[in-house]
Structure formats: structure tokens, C-alpha cells
Amino acid sequence: MSVNHDDILEPTDAKKIVEQGYDQLAERYAEVRTLSDGNKKYIDILAEHLPRDSCVLDLGCGPGIPITKELAKHFKIMGIDFSQNQIELARKNVPWGQFHKMDMTRMTFPPESFDGIFSYLAIIHVPRKEKAKLFADIHKILKTDGYLLIAIGNDDWVSEPDEKFMGEPMYWSQLGAEKTEAMIKETGFEIVQSSLEHAMFDGEDEQHYFVLAKKI
Ligand SMILES: C[S@@+](CC[C@H](N)C(=O)[O-])C[C@H]1O[C@@H](n2cnc3c(N)ncnc32)[C@H](O)[C@@H]1O
């Protein structure tokens with residue numbers, strides 16, 4: 001039986017691989033990251049649910065383009081990412097946003113700070129041991145009746161030790177669609193809408209699972 005990353009890595013070491021990997025590939029990632037129809041569709045749906053200029057936090061915002069920039073057309077945006085190089089690019093690409101280098105598993109925002117919380121393809125890098133606490137933290141810092149929008153991998157899958165992304169060592173710990181939705185509901189959210197959407201990334205057709213949930 002093959003060994004996966006979660007069999008052999010402590011969460012701190014797993015997250016270090018992710019942080020260092022994105023520091024190395026930040027500029028190349030920004031060049032190939034495009035706004036897919038599924039990305040745009042869900043940002044527009046979020047914009048139908050939240051008033052204009054609501055405060056939205058983007059978890060794992062990456063280089064800020066094209067996603068955070070698209071969000072910023074509707075909302076006041078704060079982005080966090082633990083990769084220093086990603087945060088520096090985000091500051092350049094979306095100068096009117098607020099960006100902080102921060103690990104989303106160690107957030108220190110006061111309760112009920114945000115109207116919306118958003119995260120595209122970043123929670124897939126959070127160790128599964130830490131996901132329940134992450135959703136609890138998200139729930140705490142979101143206002144009642146606020147919205148959470150995430151895009152994740154569809155499958156329940158953990159990377160293996162030799163895994164690479166764009167040539168750099170990388171770590172993923174995906175729970176997949178079903179387990180993630182169950183966890184979100186258990187945390188105190190109601191699922192508003194979810195679906196599997198196609199997205200092109202660097203010439204590859206990928207499938208991403210989108211979930212829009214409301215804090216009740
Ligand atoms: C695949 S990129 C997605 C970037 C952007 N959201 C997008 O849709 O293009 C994943 C990003 O999540 C960040 N990330 C992963 N785990 C994180 C964590 N625990 N705290 C903060 N950022 C994290 C990485 O540094 C990286 O920039």
C-alpha cells in the first residue's frame with residue numbers, strides 16, 4: 001500500500017511544503033491562472049447574495065489575479081496568504097485591496113468581522129486534521145447571515161511524497177465534495193448551492209467543486 005503525505009507529515013511540516021512551493025512558483029502561477037466560467041459564475045452568485053461593498057475575506061488569495069481582482073469589483077476585499085511572494089504580487093495586482101501574510105489555520109480576527117468569506121483552491125492544501133477547526137474559525141469570524149464560498153477538489157485524496165505542482169514539491173489533503181459539505185453543515189452553515197464545474201488550468205481541464213453556504 002502506498003504511503004501518503006498525511007501518513008508521514010505533521011501539519012506544520014505539510015504547510016511548510018505548501019508555503020515554500022508557492023513562494024517558488026508565484027509568478028508562473030499568476031501567468032497561467034485564468035478566470036474560468038465556473039469561477040465567474042459563483043462570484044456573480046455571491047454578489048447576488050451580498051450587498052455591494054460588503055467586507056469579504058479571501059483565504060489563500062494567491063497573486064490576486066484574476067480572482068481577488070474580480071471579487072473586488074463587488075466588495076471591499078481583504079486577502080490573506082501565507083506565501084510572502086503571493087502576497088507581494090496580490091498587493092501589486094490589486095492595490096486597492098488589503099493584504100496580509102497569514103496562515104488561515106491561525107487567524108486572529110475578532111468574531112463577526114466579515115460579511116463574506118471566500119476561498120478558491122486553497123483549503124485543498126490545509127491538512128485534513130485541521131479542517132474542522134478551520135471551518136469553526138471561519139464560522140466565528142463571519143457575521144450571522146454571512147456567506148461562505150469555496151472551491152475545492154472533488155475527490156477525497158491526499159498527495160504522495162513525490163508530488164509536484166508546476167515543478168515544485170507540493171502537498172494536498174482534499175476531503176472531497178461529500179465530506180466537505182457534511183463538515184460545513186456540522187459547523188453551523190446551511191448549503192445554499194453547490195455544483196461541479198469545469199475549469200481550464202495551464203491547458204488542463206480540471207473539475208472543481210463549488211459550495212456556497214450561509215451562516216445560520
Ligand atoms: C492554488 S493557489 C489559489 C490562489 C487563488 N485563490 C486562486 O484561486 O488563484 C493556493 C493558495 O493558497 C495558499 N495557501 C495554502 N494554504 C494556506 C494556508 N494555510 N494559509 C494561507 N494561505 C494558504 C497558497 O500559498 C496559495 O497561494
# chains A, B, ... in the order shown; residues from 1 in each chain; ligands from 1
call {"tool": "closest_atom_pairs", "arguments": {"of": "stretch 99-164 of chain A", "to": "stretch 45-48 of chain A", "cutoff": "10 Å", "atoms": "only C-alpha atoms", "output": "tab-separated table"}}
result
residue	atom	partner	partner_atom	distance
A:Gly116	CA	A:Leu46	CA	8.5
A:Phe118	CA	A:Leu46	CA	9.3
A:Tyr147	CA	A:Leu46	CA	7.7
A:Leu148	CA	A:Leu46	CA	8.8
A:Leu149	CA	A:Leu46	CA	7.4
call {"tool": "residues_near_ligand", "arguments": {"ligand": "ligand 1", "cutoff": "8 Å", "atoms": "only C-alpha atoms and all ligand atoms", "output": "JSON, numbers by chain"}}
result
{"A": [15, 18, 19, 21, 22, 23, 26, 29, 30, 33, 58, 59, 60, 61, 62, 63, 64, 65, 66, 67, 68, 80, 81, 82, 83, 86, 87, 101, 102, 103, 104, 105, 106, 119, 120, 121, 122, 123, 124, 125, 126]}
call {"tool": "write_last_selection", "arguments": {"atoms": "N, CA and C atoms", "output": "compact mmCIF listing (two decimals), in the first residue's frame"}}
result
# COMPACT_ATOMS: atom_id res chain seq x y z
N LYS A 15 2.36 22.11 5.81
CA LYS A 15 2.07 23.51 5.40
C LYS A 15 3.35 24.21 4.93
N VAL A 18 3.83 23.66 1.32
CA VAL A 18 2.92 24.49 0.51
C VAL A 18 3.44 25.92 0.43
N GLU A 19 3.80 26.47 1.58
CA GLU A 19 4.27 27.87 1.63
C GLU A 19 5.53 28.05 0.76
N GLY A 21 6.55 26.07 -1.66
CA GLY A 21 6.22 25.78 -3.06
C GLY A 21 5.64 27.01 -3.74
N TYR A 22 4.67 27.67 -3.10
CA TYR A 22 4.05 28.85 -3.74
C TYR A 22 5.00 30.04 -3.76
N ASP A 23 5.93 30.12 -2.80
CA ASP A 23 6.94 31.19 -2.90
C ASP A 23 7.76 31.01 -4.18
N ALA A 26 5.10 31.48 -7.53
CA ALA A 26 4.09 32.54 -7.53
C ALA A 26 3.94 33.23 -8.90
N TYR A 29 2.56 30.89 -11.59
CA TYR A 29 1.15 30.59 -11.32
C TYR A 29 0.28 31.73 -11.85
N ALA A 30 0.69 32.97 -11.56
CA ALA A 30 -0.11 34.13 -11.99
C ALA A 30 -0.24 34.18 -13.51
N ARG A 33 -2.97 31.36 -14.46
CA ARG A 33 -4.27 31.32 -13.76
C ARG A 33 -5.26 32.20 -14.52
N ASP A 58 -10.68 36.92 1.51
CA ASP A 58 -10.26 35.89 0.56
C ASP A 58 -9.13 35.07 1.20
N LEU A 59 -9.42 33.81 1.51
CA LEU A 59 -8.43 32.95 2.19
C LEU A 59 -7.56 32.24 1.15
N GLY A 60 -6.26 32.45 1.21
CA GLY A 60 -5.35 31.85 0.23
C GLY A 60 -5.53 32.55 -1.11
N CYS A 61 -5.38 33.89 -1.07
CA CYS A 61 -5.74 34.73 -2.23
C CYS A 61 -4.74 34.59 -3.39
N GLY A 62 -3.57 33.98 -3.14
CA GLY A 62 -2.60 33.84 -4.23
C GLY A 62 -2.16 35.20 -4.75
N PRO A 63 -1.92 35.31 -6.07
CA PRO A 63 -1.38 36.56 -6.63
C PRO A 63 -2.43 37.66 -6.82
N GLY A 64 -3.67 37.39 -6.42
CA GLY A 64 -4.71 38.44 -6.52
C GLY A 64 -5.36 38.55 -7.89
N ILE A 65 -4.74 37.91 -8.88
CA ILE A 65 -5.36 37.89 -10.22
C ILE A 65 -5.54 36.45 -10.67
N PRO A 66 -6.62 36.19 -11.37
CA PRO A 66 -7.72 37.11 -11.69
C PRO A 66 -8.81 37.15 -10.61
N ILE A 67 -8.70 36.28 -9.59
CA ILE A 67 -9.86 36.04 -8.72
C ILE A 67 -10.15 37.19 -7.75
N THR A 68 -9.16 37.58 -6.95
CA THR A 68 -9.41 38.63 -5.95
C THR A 68 -9.80 39.93 -6.65
N ILE A 80 -5.72 37.11 2.52
CA ILE A 80 -4.58 36.59 3.28
C ILE A 80 -3.99 35.39 2.53
N ASP A 81 -2.68 35.24 2.68
CA ASP A 81 -1.98 34.09 2.09
C ASP A 81 -0.69 33.95 2.89
N PHE A 82 -0.24 32.71 3.12
CA PHE A 82 0.99 32.57 3.90
C PHE A 82 2.25 32.57 3.04
N SER A 83 2.08 32.66 1.71
CA SER A 83 3.25 32.79 0.84
C SER A 83 3.57 34.28 0.66
N GLN A 86 3.35 35.45 -2.97
CA GLN A 86 1.96 35.60 -3.45
C GLN A 86 1.37 36.91 -2.91
N ILE A 87 1.58 37.18 -1.65
CA ILE A 87 1.02 38.41 -1.04
C ILE A 87 1.60 39.66 -1.71
N LYS A 101 0.12 38.72 5.11
CA LYS A 101 0.73 37.38 5.13
C LYS A 101 0.22 36.69 6.40
N MET A 102 -0.56 35.64 6.23
CA MET A 102 -1.16 34.97 7.40
C MET A 102 -1.54 33.53 7.02
N ASP A 103 -1.35 32.64 7.97
CA ASP A 103 -1.78 31.25 7.81
C ASP A 103 -3.27 31.18 8.17
N MET A 104 -4.10 30.67 7.25
CA MET A 104 -5.55 30.65 7.53
C MET A 104 -5.91 29.71 8.68
N THR A 105 -4.99 28.82 9.06
CA THR A 105 -5.29 27.94 10.21
C THR A 105 -4.92 28.62 11.54
N ARG A 106 -4.41 29.84 11.44
CA ARG A 106 -4.04 30.58 12.67
C ARG A 106 -4.56 32.00 12.63
N SER A 119 -12.86 31.33 -0.61
CA SER A 119 -11.58 30.64 -0.76
C SER A 119 -11.61 29.70 -1.96
N TYR A 120 -10.80 30.02 -2.96
CA TYR A 120 -10.72 29.20 -4.18
C TYR A 120 -9.44 28.38 -4.16
N LEU A 121 -9.60 27.07 -4.15
CA LEU A 121 -8.50 26.13 -4.34
C LEU A 121 -7.34 26.33 -3.36
N ALA A 122 -7.67 26.73 -2.14
CA ALA A 122 -6.64 26.90 -1.11
C ALA A 122 -6.88 25.96 0.07
N ILE A 123 -8.16 25.70 0.43
CA ILE A 123 -8.47 24.79 1.55
C ILE A 123 -8.01 23.36 1.21
N ILE A 124 -7.83 23.09 -0.09
CA ILE A 124 -7.31 21.78 -0.52
C ILE A 124 -5.88 21.53 -0.01
N HIS A 125 -5.20 22.61 0.41
CA HIS A 125 -3.83 22.47 0.93
C HIS A 125 -3.80 22.44 2.46
N VAL A 126 -4.95 22.54 3.11
CA VAL A 126 -4.98 22.52 4.59
C VAL A 126 -5.07 21.06 5.06
call {"tool": "residues_around", "arguments": {"residues": "A:Pro11", "least_positions_apart": "6", "cutoff": "8 Å", "atoms": "only C-alpha atoms", "output": "ChimeraX atom specification"}}
result
/A:127,129-130
call {"tool": "closest_residue", "arguments": {"among": "A:Leu25, A:Ile117, A:Lys140, A:Glu160", "to": "A:Ala213", "atoms": "only C-alpha atoms"}}
result
A:Ile117
call {"tool": "residues_around", "arguments": {"residues": "stretch 195-202 of chain A", "least_positions_apart": "6", "cutoff": "10 Å", "atoms": "only C-alpha atoms", "output": "short mmCIF file (atom, residue, chain, number, x, y, z; two decimals) with N, CA and C atoms, in the first residue's frame"}}
result
data_model
loop_
_atom_site.label_atom_id
_atom_site.label_comp_id
_atom_site.auth_asym_id
_atom_site.auth_seq_id
_atom_site.Cartn_x
_atom_site.Cartn_y
_atom_site.Cartn_z
N TYR A 29 2.56 30.89 -11.59
CA TYR A 29 1.15 30.59 -11.32
C TYR A 29 0.28 31.73 -11.85
N GLU A 31 0.80 33.74 -14.21
CA GLU A 31 0.77 33.78 -15.69
C GLU A 31 -0.26 32.82 -16.29
N VAL A 32 -0.50 31.68 -15.62
CA VAL A 32 -1.39 30.67 -16.22
C VAL A 32 -2.78 30.62 -15.58
N ARG A 33 -2.97 31.36 -14.46
CA ARG A 33 -4.27 31.32 -13.76
C ARG A 33 -5.26 32.20 -14.52
N THR A 34 -6.29 31.57 -15.08
CA THR A 34 -7.29 32.35 -15.82
C THR A 34 -8.63 32.24 -15.10
N LEU A 35 -9.54 33.15 -15.44
CA LEU A 35 -10.86 33.17 -14.81
C LEU A 35 -11.78 32.24 -15.59
N SER A 36 -12.09 31.09 -15.04
CA SER A 36 -12.97 30.15 -15.75
C SER A 36 -14.43 30.56 -15.57
N ASP A 37 -15.31 29.98 -16.41
CA ASP A 37 -16.74 30.30 -16.31
C ASP A 37 -17.28 29.96 -14.92
N GLY A 38 -16.82 28.81 -14.36
CA GLY A 38 -17.29 28.39 -13.03
C GLY A 38 -16.87 29.38 -11.95
N ASN A 39 -15.62 29.86 -12.05
CA ASN A 39 -15.13 30.88 -11.10
C ASN A 39 -16.03 32.10 -11.11
N LYS A 41 -19.04 32.46 -12.48
CA LYS A 41 -20.45 32.17 -12.15
C LYS A 41 -20.68 32.30 -10.63
N TYR A 42 -19.77 31.70 -9.83
CA TYR A 42 -20.00 31.71 -8.38
C TYR A 42 -19.70 33.07 -7.75
N ALA A 151 -14.14 26.87 -3.39
CA ALA A 151 -13.94 25.92 -4.50
C ALA A 151 -12.87 24.94 -4.02
N ILE A 152 -13.19 23.65 -4.16
CA ILE A 152 -12.27 22.61 -3.67
C ILE A 152 -12.13 21.51 -4.73
N GLY A 153 -11.27 20.55 -4.47
CA GLY A 153 -11.17 19.39 -5.35
C GLY A 153 -12.36 18.47 -5.08
N ASN A 154 -12.80 17.77 -6.11
CA ASN A 154 -14.00 16.92 -5.98
C ASN A 154 -13.72 15.63 -5.21
N MET A 166 3.67 22.35 -10.81
CA MET A 166 4.47 23.27 -11.62
C MET A 166 5.96 23.12 -11.29
N ALA A 177 -15.95 16.47 -2.16
CA ALA A 177 -17.22 17.20 -2.10
C ALA A 177 -18.11 16.77 -0.93
N HIS A 208 -13.69 21.38 -10.49
CA HIS A 208 -13.68 21.97 -9.16
C HIS A 208 -15.09 21.95 -8.58
N TYR A 209 -15.18 21.68 -7.28
CA TYR A 209 -16.49 21.63 -6.63
C TYR A 209 -16.69 22.94 -5.86
N PHE A 210 -17.78 23.63 -6.17
CA PHE A 210 -18.08 24.93 -5.55
C PHE A 210 -19.19 24.76 -4.53
N VAL A 211 -19.03 25.40 -3.37
CA VAL A 211 -20.06 25.36 -2.33
C VAL A 211 -20.31 26.79 -1.84
N LEU A 212 -21.58 27.21 -1.91
CA LEU A 212 -21.98 28.48 -1.30
C LEU A 212 -22.83 28.12 -0.08
#
call {"tool": "residues_around", "arguments": {"residues": "stretch 183-187 of chain A", "least_positions_apart": "2", "cutoff": "10 Å", "atoms": "only C-alpha atoms", "output": "PDB file with C-alpha atoms, in the first residue's frame"}}
result
ATOM      1  CA  LYS A 131     -10.114  21.352   8.525  1.00  0.00           C
ATOM      2  CA  ALA A 132     -12.836  21.081  11.208  1.00  0.00           C
ATOM      3  CA  LYS A 133     -11.115  23.821  13.244  1.00  0.00           C
ATOM      4  CA  LEU A 134     -10.685  25.949  10.105  1.00  0.00           C
ATOM      5  CA  PHE A 135     -14.434  25.809   9.322  1.00  0.00           C
ATOM      6  CA  ALA A 136     -15.198  26.582  13.002  1.00  0.00           C
ATOM      7  CA  ASP A 137     -12.861  29.626  12.839  1.00  0.00           C
ATOM      8  CA  ILE A 138     -14.486  30.759   9.572  1.00  0.00           C
ATOM      9  CA  HIS A 139     -17.923  30.424  11.194  1.00  0.00           C
ATOM     10  CA  LYS A 140     -16.785  32.503  14.183  1.00  0.00           C
ATOM     11  CA  LEU A 148     -19.008  31.332   2.731  1.00  0.00           C
ATOM     12  CA  LEU A 175     -11.682  15.751   1.729  1.00  0.00           C
ATOM     13  CA  GLU A 178     -19.343  14.987   0.169  1.00  0.00           C
ATOM     14  CA  LYS A 179     -17.230  15.091   3.338  1.00  0.00           C
ATOM     15  CA  THR A 180     -16.577  18.822   2.967  1.00  0.00           C
ATOM     16  CA  GLU A 181     -20.286  19.647   2.629  1.00  0.00           C
ATOM     17  CA  PHE A 189     -23.916  26.545   7.919  1.00  0.00           C
ATOM     18  CA  GLU A 190     -26.796  25.861   5.556  1.00  0.00           C
ATOM     19  CA  ILE A 191     -25.788  24.884   1.998  1.00  0.00           C
ATOM     20  CA  VAL A 211     -20.063  25.364  -2.331  1.00  0.00           C
ATOM     21  CA  ALA A 213     -23.140  28.294   2.341  1.00  0.00           C
ATOM     22  CA  LYS A 214     -24.880  30.663   4.760  1.00  0.00           C
ATOM     23  CA  LYS A 215     -24.056  31.076   8.452  1.00  0.00           C
ATOM     24  CA  ILE A 216     -27.247  30.392  10.437  1.00  0.00           C
TER      25      ILE A 216
END
call {"tool": "select_by_dssp", "arguments": {"residues": "stretch 36-75 of chain A", "states": "strand (DSSP E)", "output": "list in words"}}
result
Cys55, Val56, Leu57, Asp58 and Leu59 of chain A
call {"tool": "write_last_selection", "arguments": {"atoms": "C-alpha atoms", "output": "short mmCIF file (atom, residue, chain, number, x, y, z; two decimals), in the first residue's frame"}}
result
data_model
loop_
_atom_site.label_atom_id
_atom_site.label_comp_id
_atom_site.auth_asym_id
_atom_site.auth_seq_id
_atom_site.Cartn_x
_atom_site.Cartn_y
_atom_site.Cartn_z
CA CYS A 55 -16.44 43.17 3.56
CA VAL A 56 -15.16 39.92 2.08
CA LEU A 57 -12.09 37.97 3.20
CA ASP A 58 -10.26 35.89 0.56
CA LEU A 59 -8.43 32.95 2.19
#
call {"tool": "decode", "arguments": {"residues": "stretch 104-127 of chain A", "atoms": "N, CA and C atoms", "output": "CSV table (one decimal), in the first residue's frame"}}
result
chain,number,residue,atom,x,y,z
A,104,MET,N,-4.1,30.7,7.3
A,104,MET,CA,-5.5,30.7,7.5
A,104,MET,C,-5.9,29.7,8.7
A,105,THR,N,-5.0,28.8,9.1
A,105,THR,CA,-5.3,27.9,10.2
A,105,THR,C,-4.9,28.6,11.5
A,106,ARG,N,-4.4,29.8,11.4
A,106,ARG,CA,-4.0,30.6,12.7
A,106,ARG,C,-4.6,32.0,12.6
A,107,MET,N,-5.8,32.2,12.2
A,107,MET,CA,-6.3,33.5,12.1
A,107,MET,C,-6.7,34.1,13.4
A,108,THR,N,-6.5,35.4,13.5
A,108,THR,CA,-6.8,36.1,14.8
A,108,THR,C,-7.8,37.2,14.7
A,109,PHE,N,-8.7,37.2,13.7
A,109,PHE,CA,-9.7,38.2,13.5
A,109,PHE,C,-10.7,38.1,14.6
A,110,PRO,N,-11.3,39.3,15.1
A,110,PRO,CA,-12.4,39.2,16.1
A,110,PRO,C,-13.6,38.5,15.5
A,111,PRO,N,-14.5,38.0,16.4
A,111,PRO,CA,-15.7,37.4,15.9
A,111,PRO,C,-16.5,38.3,15.1
A,112,GLU,N,-17.3,37.8,14.1
A,112,GLU,CA,-18.2,38.6,13.3
A,112,GLU,C,-17.5,39.7,12.5
A,113,SER,N,-16.4,39.5,12.0
A,113,SER,CA,-15.6,40.6,11.3
A,113,SER,C,-16.0,40.8,9.9
A,114,PHE,N,-16.5,39.7,9.2
A,114,PHE,CA,-16.7,39.8,7.7
A,114,PHE,C,-18.2,39.4,7.3
A,115,ASP,N,-18.6,40.0,6.2
A,115,ASP,CA,-19.9,39.7,5.6
A,115,ASP,C,-19.8,38.4,4.8
A,116,GLY,N,-18.6,38.2,4.2
A,116,GLY,CA,-18.4,37.1,3.3
A,116,GLY,C,-17.0,36.5,3.5
A,117,ILE,N,-16.9,35.2,3.3
A,117,ILE,CA,-15.6,34.6,3.3
A,117,ILE,C,-15.5,33.7,2.1
A,118,PHE,N,-14.4,33.8,1.4
A,118,PHE,CA,-14.2,33.2,0.1
A,118,PHE,C,-12.9,32.5,0.0
A,119,SER,N,-12.9,31.3,-0.6
A,119,SER,CA,-11.6,30.6,-0.8
A,119,SER,C,-11.6,29.7,-2.0
A,120,TYR,N,-10.8,30.0,-3.0
A,120,TYR,CA,-10.7,29.2,-4.2
A,120,TYR,C,-9.4,28.4,-4.2
A,121,LEU,N,-9.6,27.1,-4.2
A,121,LEU,CA,-8.5,26.1,-4.3
A,121,LEU,C,-7.3,26.3,-3.4
A,122,ALA,N,-7.7,26.7,-2.1
A,122,ALA,CA,-6.6,26.9,-1.1
A,122,ALA,C,-6.9,26.0,0.1
A,123,ILE,N,-8.2,25.7,0.4
A,123,ILE,CA,-8.5,24.8,1.5
A,123,ILE,C,-8.0,23.4,1.2
A,124,ILE,N,-7.8,23.1,-0.1
A,124,ILE,CA,-7.3,21.8,-0.5
A,124,ILE,C,-5.9,21.5,0.0
A,125,HIS,N,-5.2,22.6,0.4
A,125,HIS,CA,-3.8,22.5,0.9
A,125,HIS,C,-3.8,22.4,2.5
A,126,VAL,N,-5.0,22.5,3.1
A,126,VAL,CA,-5.0,22.5,4.6
A,126,VAL,C,-5.1,21.1,5.1
A,127,PRO,N,-4.2,20.6,5.9
A,127,PRO,CA,-4.2,19.3,6.4
A,127,PRO,C,-5.6,18.9,6.9
